[in-house]
Amino acid sequence: MLPSTTIQEHMHKLEAISSHEEQMYTFLQLFLELFPVRNAFLMRYSPLGHLAEGIISIQESSLVYIGEIREDIRSYPIIYAAIRERQAKFCTGLEYLKQMSSKDITSTIQTLLVVPICYGPVVIGYICSSDFEQDGINEQLLEDFTQFGRQVGKLLLDSQGAENHLQVLSKRELEVMRRIAWGENTVEMADSMSISEFTVKQYIKSAIKKLGAQNRSHAIGEMYRRGWI
């Protein structure tokens, strides 16, 4: 078992990195250092259309940009389950063949690990690995992977554009607008944030006004433009 304090200590070090791109590269390196994996593929995820898009992959010291990858994760049951349940998943052998699309099955890859990157109940991306230093991934290691994904999600969203967006939106307004961007409705937000639906709507109304937007979609677009999402 990997102590949660060990992951948190490493995350605190990453907080000092100001570049968002450098943060992503560094936490993938950390992923390879902490766990028995030899490669890692970082994907962003949007619940709108269940679309996954590649960002970067790393194997030892090799870094590759994988922006050409775009997939509907509903075609991949193991990825879909990891995102839906917000838990790391692993498959190998015959189970791998069942879980993957036929166009992605090769003779060299027969195992897959999926680690969702979460911010509370929202999944913003995931890490995949297909090459391992040991046979099999036990339940405890899967839980460690899950905790890593949650710590990464918190790090990325707490630090992303922090100095700029806090001058415009409050922390709650920012959280609510991000949740909208990821597909949550006001009822779901009220429940997960332990506030009333009326309060959620007030945060939305205030954020739209502060951003100088006409509506929710316009506000989300403006946040994307400013790099806050």
# chains A, B, ... in the order shown; residues from 1 in each chain; ligands from 1

call {"tool": "residues_around", "arguments": {"residues": "stretch 20-37 of chain A", "least_positions_apart": "6", "cutoff": "10 Å", "atoms": "only C-alpha atoms", "output": "number ranges by chain"}}
result
A: 2, 6-7, 10-11, 14, 55-61, 63, 113, 127-135, 137, 141, 144-145, 148-149, 152, 155-156, 159-161

call {"tool": "residues_around", "arguments": {"residues": "A:Arg178", "least_positions_apart": "2", "cutoff": "12 Å", "atoms": "only C-alpha atoms", "output": "PyMOL selection string"}}
result
chain A and resi 46+119-124+157-158+160+165+169+171-176+180-185+189+203-204+207+216-217+219-224+227-229

call {"tool": "residues_around", "arguments": {"residues": "stretch 71-74 of chain A", "least_positions_apart": "2", "cutoff": "9 Å", "atoms": "only C-alpha atoms", "output": "PyMOL selection string"}}
result
chain A and resi 45+49-54+69+76-80

call {"tool": "write_last_selection", "arguments": {"atoms": "all heavy atoms", "output": "JSON list (two decimals), in the first residue's frame"}}
result
[["chain", "number", "residue", "atom", "x", "y", "z"],
["A", 45, "TYR", "N", -11.14, 14.63, -20.65],
["A", 45, "TYR", "CA", -12.45, 14.02, -20.86],
["A", 45, "TYR", "C", -13.56, 15.05, -20.72],
["A", 45, "TYR", "O", -13.52, 15.90, -19.83],
["A", 45, "TYR", "CB", -12.69, 12.89, -19.85],
["A", 45, "TYR", "CG", -14.11, 12.38, -19.84],
["A", 45, "TYR", "CD1", -14.59, 11.61, -20.90],
["A", 45, "TYR", "CD2", -14.99, 12.68, -18.80],
["A", 45, "TYR", "CE1", -15.90, 11.15, -20.92],
["A", 45, "TYR", "CE2", -16.30, 12.23, -18.81],
["A", 45, "TYR", "CZ", -16.75, 11.46, -19.87],
["A", 45, "TYR", "OH", -18.05, 11.02, -19.88],
["A", 49, "GLY", "N", -20.91, 14.28, -25.04],
["A", 49, "GLY", "CA", -20.53, 13.35, -26.09],
["A", 49, "GLY", "C", -19.61, 12.27, -25.61],
["A", 49, "GLY", "O", -19.15, 11.44, -26.40],
["A", 50, "HIS", "N", -19.29, 12.27, -24.29],
["A", 50, "HIS", "CA", -18.38, 11.27, -23.71],
["A", 50, "HIS", "C", -17.07, 11.22, -24.49],
["A", 50, "HIS", "O", -16.56, 10.16, -24.81],
["A", 50, "HIS", "CB", -19.05, 9.90, -23.68],
["A", 50, "HIS", "CG", -20.33, 9.87, -22.91],
["A", 50, "HIS", "ND1", -20.36, 9.80, -21.53],
["A", 50, "HIS", "CD2", -21.62, 9.93, -23.32],
["A", 50, "HIS", "CE1", -21.62, 9.79, -21.12],
["A", 50, "HIS", "NE2", -22.39, 9.87, -22.19],
["A", 51, "LEU", "N", -16.56, 12.39, -24.80],
["A", 51, "LEU", "CA", -15.39, 12.50, -25.67],
["A", 51, "LEU", "C", -14.09, 12.55, -24.88],
["A", 51, "LEU", "O", -13.97, 13.31, -23.91],
["A", 51, "LEU", "CB", -15.49, 13.76, -26.53],
["A", 51, "LEU", "CG", -14.35, 14.00, -27.52],
["A", 51, "LEU", "CD1", -14.34, 12.92, -28.60],
["A", 51, "LEU", "CD2", -14.48, 15.38, -28.15],
["A", 52, "ALA", "N", -13.12, 11.74, -25.29],
["A", 52, "ALA", "CA", -11.77, 11.77, -24.72],
["A", 52, "ALA", "C", -10.81, 12.26, -25.79],
["A", 52, "ALA", "O", -10.91, 11.88, -26.96],
["A", 52, "ALA", "CB", -11.36, 10.37, -24.24],
["A", 53, "GLU", "N", -9.87, 13.13, -25.39],
["A", 53, "GLU", "CA", -8.87, 13.67, -26.31],
["A", 53, "GLU", "C", -7.48, 13.49, -25.71],
["A", 53, "GLU", "O", -7.27, 13.74, -24.52],
["A", 53, "GLU", "CB", -9.13, 15.15, -26.56],
["A", 53, "GLU", "CG", -10.46, 15.45, -27.22],
["A", 53, "GLU", "CD", -10.68, 16.93, -27.39],
["A", 53, "GLU", "OE1", -10.88, 17.61, -26.36],
["A", 53, "GLU", "OE2", -10.65, 17.42, -28.53],
["A", 54, "GLY", "N", -6.54, 13.07, -26.54],
["A", 54, "GLY", "CA", -5.18, 12.87, -26.07],
["A", 54, "GLY", "C", -4.46, 14.17, -25.77],
["A", 54, "GLY", "O", -4.71, 15.19, -26.42],
["A", 69, "ILE", "N", -5.53, 11.91, -30.96],
["A", 69, "ILE", "CA", -6.45, 10.88, -30.44],
["A", 69, "ILE", "C", -7.75, 11.52, -29.97],
["A", 69, "ILE", "O", -7.75, 12.41, -29.13],
["A", 69, "ILE", "CB", -5.79, 10.11, -29.27],
["A", 69, "ILE", "CG1", -4.53, 9.39, -29.74],
["A", 69, "ILE", "CG2", -6.79, 9.11, -28.69],
["A", 69, "ILE", "CD1", -3.79, 8.67, -28.63],
["A", 76, "TYR", "N", -15.41, 1.81, -25.14],
["A", 76, "TYR", "CA", -14.42, 1.12, -24.32],
["A", 76, "TYR", "C", -14.99, 0.91, -22.92],
["A", 76, "TYR", "O", -14.89, 1.79, -22.06],
["A", 76, "TYR", "CB", -13.13, 1.95, -24.25],
["A", 76, "TYR", "CG", -12.56, 2.27, -25.60],
["A", 76, "TYR", "CD1", -12.96, 3.42, -26.29],
["A", 76, "TYR", "CD2", -11.63, 1.44, -26.21],
["A", 76, "TYR", "CE1", -12.46, 3.72, -27.54],
["A", 76, "TYR", "CE2", -11.11, 1.73, -27.46],
["A", 76, "TYR", "CZ", -11.53, 2.87, -28.12],
["A", 76, "TYR", "OH", -11.03, 3.16, -29.36],
["A", 77, "PRO", "N", -15.61, -0.24, -22.68],
["A", 77, "PRO", "CA", -16.30, -0.47, -21.40],
["A", 77, "PRO", "C", -15.43, -0.22, -20.16],
["A", 77, "PRO", "O", -15.93, 0.31, -19.16],
["A", 77, "PRO", "CB", -16.70, -1.94, -21.50],
["A", 77, "PRO", "CG", -16.86, -2.19, -22.96],
["A", 77, "PRO", "CD", -15.80, -1.37, -23.61],
["A", 78, "ILE", "N", -14.16, -0.57, -20.20],
["A", 78, "ILE", "CA", -13.33, -0.39, -19.00],
["A", 78, "ILE", "C", -13.10, 1.08, -18.72],
["A", 78, "ILE", "O", -13.11, 1.52, -17.56],
["A", 78, "ILE", "CB", -11.97, -1.14, -19.15],
["A", 78, "ILE", "CG1", -11.19, -1.02, -17.83],
["A", 78, "ILE", "CG2", -11.17, -0.61, -20.33],
["A", 78, "ILE", "CD1", -9.91, -1.83, -17.82],
["A", 79, "ILE", "N", -12.92, 1.90, -19.76],
["A", 79, "ILE", "CA", -12.73, 3.34, -19.56],
["A", 79, "ILE", "C", -14.03, 3.96, -19.08],
["A", 79, "ILE", "O", -14.05, 4.78, -18.16],
["A", 79, "ILE", "CB", -12.24, 4.01, -20.86],
["A", 79, "ILE", "CG1", -10.90, 3.42, -21.29],
["A", 79, "ILE", "CG2", -12.13, 5.52, -20.68],
["A", 79, "ILE", "CD1", -10.38, 3.95, -22.62],
["A", 80, "TYR", "N", -15.12, 3.57, -19.71],
["A", 80, "TYR", "CA", -16.43, 4.10, -19.33],
["A", 80, "TYR", "C", -16.74, 3.77, -17.87],
["A", 80, "TYR", "O", -17.24, 4.62, -17.12],
["A", 80, "TYR", "CB", -17.48, 3.51, -20.26],
["A", 80, "TYR", "CG", -18.84, 4.17, -20.21],
["A", 80, "TYR", "CD1", -18.96, 5.53, -19.97],
["A", 80, "TYR", "CD2", -20.00, 3.44, -20.41],
["A", 80, "TYR", "CE1", -20.20, 6.14, -19.94],
["A", 80, "TYR", "CE2", -21.25, 4.03, -20.38],
["A", 80, "TYR", "CZ", -21.34, 5.40, -20.14],
["A", 80, "TYR", "OH", -22.58, 6.00, -20.09]]

call {"tool": "closest_residue", "arguments": {"among": "A:Lys98, A:Arg44, A:Asn215, A:Ile195", "to": "A:Ser75", "atoms": "only C-alpha atoms"}}
result
A:Lys98

call {"tool": "decode", "arguments": {"residues": "stretch 17-47 of chain A", "atoms": "N, CA, C and O atoms", "output": "compact mmCIF listing (two decimals), in the first residue's frame"}}
result
# COMPACT_ATOMS: atom_id res chain seq x y z
N ILE A 17 5.07 24.51 -9.16
CA ILE A 17 5.28 24.65 -10.60
C ILE A 17 4.19 25.53 -11.18
O ILE A 17 3.00 25.21 -11.09
N SER A 18 4.57 26.64 -11.77
CA SER A 18 3.58 27.59 -12.27
C SER A 18 3.02 27.22 -13.63
O SER A 18 1.87 27.53 -13.95
N SER A 19 3.79 26.54 -14.47
CA SER A 19 3.34 26.18 -15.81
C SER A 19 2.42 24.97 -15.76
O SER A 19 2.79 23.92 -15.23
N HIS A 20 1.22 25.12 -16.33
CA HIS A 20 0.25 24.03 -16.35
C HIS A 20 0.80 22.84 -17.14
O HIS A 20 0.64 21.69 -16.74
N GLU A 21 1.46 23.13 -18.27
CA GLU A 21 2.02 22.06 -19.10
C GLU A 21 3.12 21.31 -18.36
O GLU A 21 3.21 20.08 -18.43
N GLU A 22 3.96 22.05 -17.63
CA GLU A 22 5.04 21.40 -16.88
C GLU A 22 4.47 20.55 -15.75
O GLU A 22 5.00 19.48 -15.42
N GLN A 23 3.38 21.02 -15.15
CA GLN A 23 2.72 20.24 -14.11
C GLN A 23 2.27 18.88 -14.65
O GLN A 23 2.48 17.85 -14.02
N MET A 24 1.65 18.89 -15.83
CA MET A 24 1.16 17.64 -16.41
C MET A 24 2.30 16.68 -16.69
O MET A 24 2.20 15.48 -16.39
N TYR A 25 3.37 17.19 -17.26
CA TYR A 25 4.53 16.34 -17.55
C TYR A 25 5.12 15.78 -16.26
O TYR A 25 5.44 14.59 -16.16
N THR A 26 5.22 16.63 -15.23
CA THR A 26 5.85 16.22 -13.98
C THR A 26 5.01 15.19 -13.24
O THR A 26 5.54 14.23 -12.68
N PHE A 27 3.68 15.35 -13.23
CA PHE A 27 2.89 14.36 -12.49
C PHE A 27 2.84 13.03 -13.24
O PHE A 27 2.69 11.97 -12.63
N LEU A 28 3.02 13.04 -14.57
CA LEU A 28 3.13 11.77 -15.28
C LEU A 28 4.45 11.08 -14.95
O LEU A 28 4.51 9.86 -14.79
N GLN A 29 5.52 11.87 -14.83
CA GLN A 29 6.80 11.30 -14.39
C GLN A 29 6.66 10.70 -13.00
O GLN A 29 7.18 9.61 -12.72
N LEU A 30 5.97 11.42 -12.12
CA LEU A 30 5.74 10.93 -10.76
C LEU A 30 4.94 9.64 -10.78
O LEU A 30 5.22 8.72 -9.99
N PHE A 31 3.97 9.56 -11.67
CA PHE A 31 3.15 8.35 -11.83
C PHE A 31 4.04 7.15 -12.12
O PHE A 31 3.87 6.07 -11.54
N LEU A 32 5.02 7.33 -13.01
CA LEU A 32 5.94 6.24 -13.35
C LEU A 32 6.88 5.91 -12.20
O LEU A 32 7.28 4.76 -12.03
N GLU A 33 7.21 6.90 -11.39
CA GLU A 33 8.12 6.67 -10.27
C GLU A 33 7.43 5.95 -9.11
O GLU A 33 8.03 5.08 -8.47
N LEU A 34 6.20 6.31 -8.84
CA LEU A 34 5.50 5.77 -7.67
C LEU A 34 4.91 4.38 -7.91
O LEU A 34 4.77 3.60 -6.96
N PHE A 35 4.57 4.08 -9.15
CA PHE A 35 3.83 2.86 -9.43
C PHE A 35 4.60 1.95 -10.40
O PHE A 35 5.45 2.41 -11.16
N PRO A 36 4.26 0.64 -10.40
CA PRO A 36 4.95 -0.32 -11.28
C PRO A 36 4.44 -0.27 -12.71
O PRO A 36 3.94 -1.26 -13.26
N VAL A 37 4.55 0.90 -13.35
CA VAL A 37 4.13 1.08 -14.73
C VAL A 37 5.29 1.63 -15.54
O VAL A 37 6.16 2.32 -15.01
N ARG A 38 5.29 1.34 -16.84
CA ARG A 38 6.39 1.79 -17.70
C ARG A 38 5.96 2.86 -18.70
O ARG A 38 6.79 3.45 -19.39
N ASN A 39 4.65 3.10 -18.80
CA ASN A 39 4.19 4.15 -19.70
C ASN A 39 2.92 4.78 -19.13
O ASN A 39 2.28 4.22 -18.24
N ALA A 40 2.57 5.94 -19.66
CA ALA A 40 1.37 6.63 -19.20
C ALA A 40 0.87 7.53 -20.32
O ALA A 40 1.65 8.26 -20.95
N PHE A 41 -0.44 7.48 -20.56
CA PHE A 41 -1.08 8.31 -21.58
C PHE A 41 -2.10 9.21 -20.87
O PHE A 41 -3.00 8.71 -20.20
N LEU A 42 -1.94 10.51 -21.03
CA LEU A 42 -2.83 11.45 -20.37
C LEU A 42 -3.91 11.91 -21.35
O LEU A 42 -3.61 12.40 -22.44
N MET A 43 -5.17 11.76 -20.92
CA MET A 43 -6.32 12.12 -21.75
C MET A 43 -7.21 13.11 -21.00
O MET A 43 -7.39 12.99 -19.79
N ARG A 44 -7.74 14.09 -21.71
CA ARG A 44 -8.79 14.93 -21.12
C ARG A 44 -10.13 14.33 -21.48
O ARG A 44 -10.27 13.63 -22.48
N TYR A 45 -11.14 14.63 -20.65
CA TYR A 45 -12.45 14.02 -20.86
C TYR A 45 -13.56 15.05 -20.72
O TYR A 45 -13.52 15.90 -19.83
N SER A 46 -14.54 14.97 -21.62
CA SER A 46 -15.73 15.81 -21.55
C SER A 46 -16.96 14.93 -21.54
O SER A 46 -17.10 14.05 -22.40
N PRO A 47 -17.89 15.14 -20.60
CA PRO A 47 -19.11 14.33 -20.58
C PRO A 47 -20.04 14.68 -21.74
O PRO A 47 -20.97 13.93 -22.02
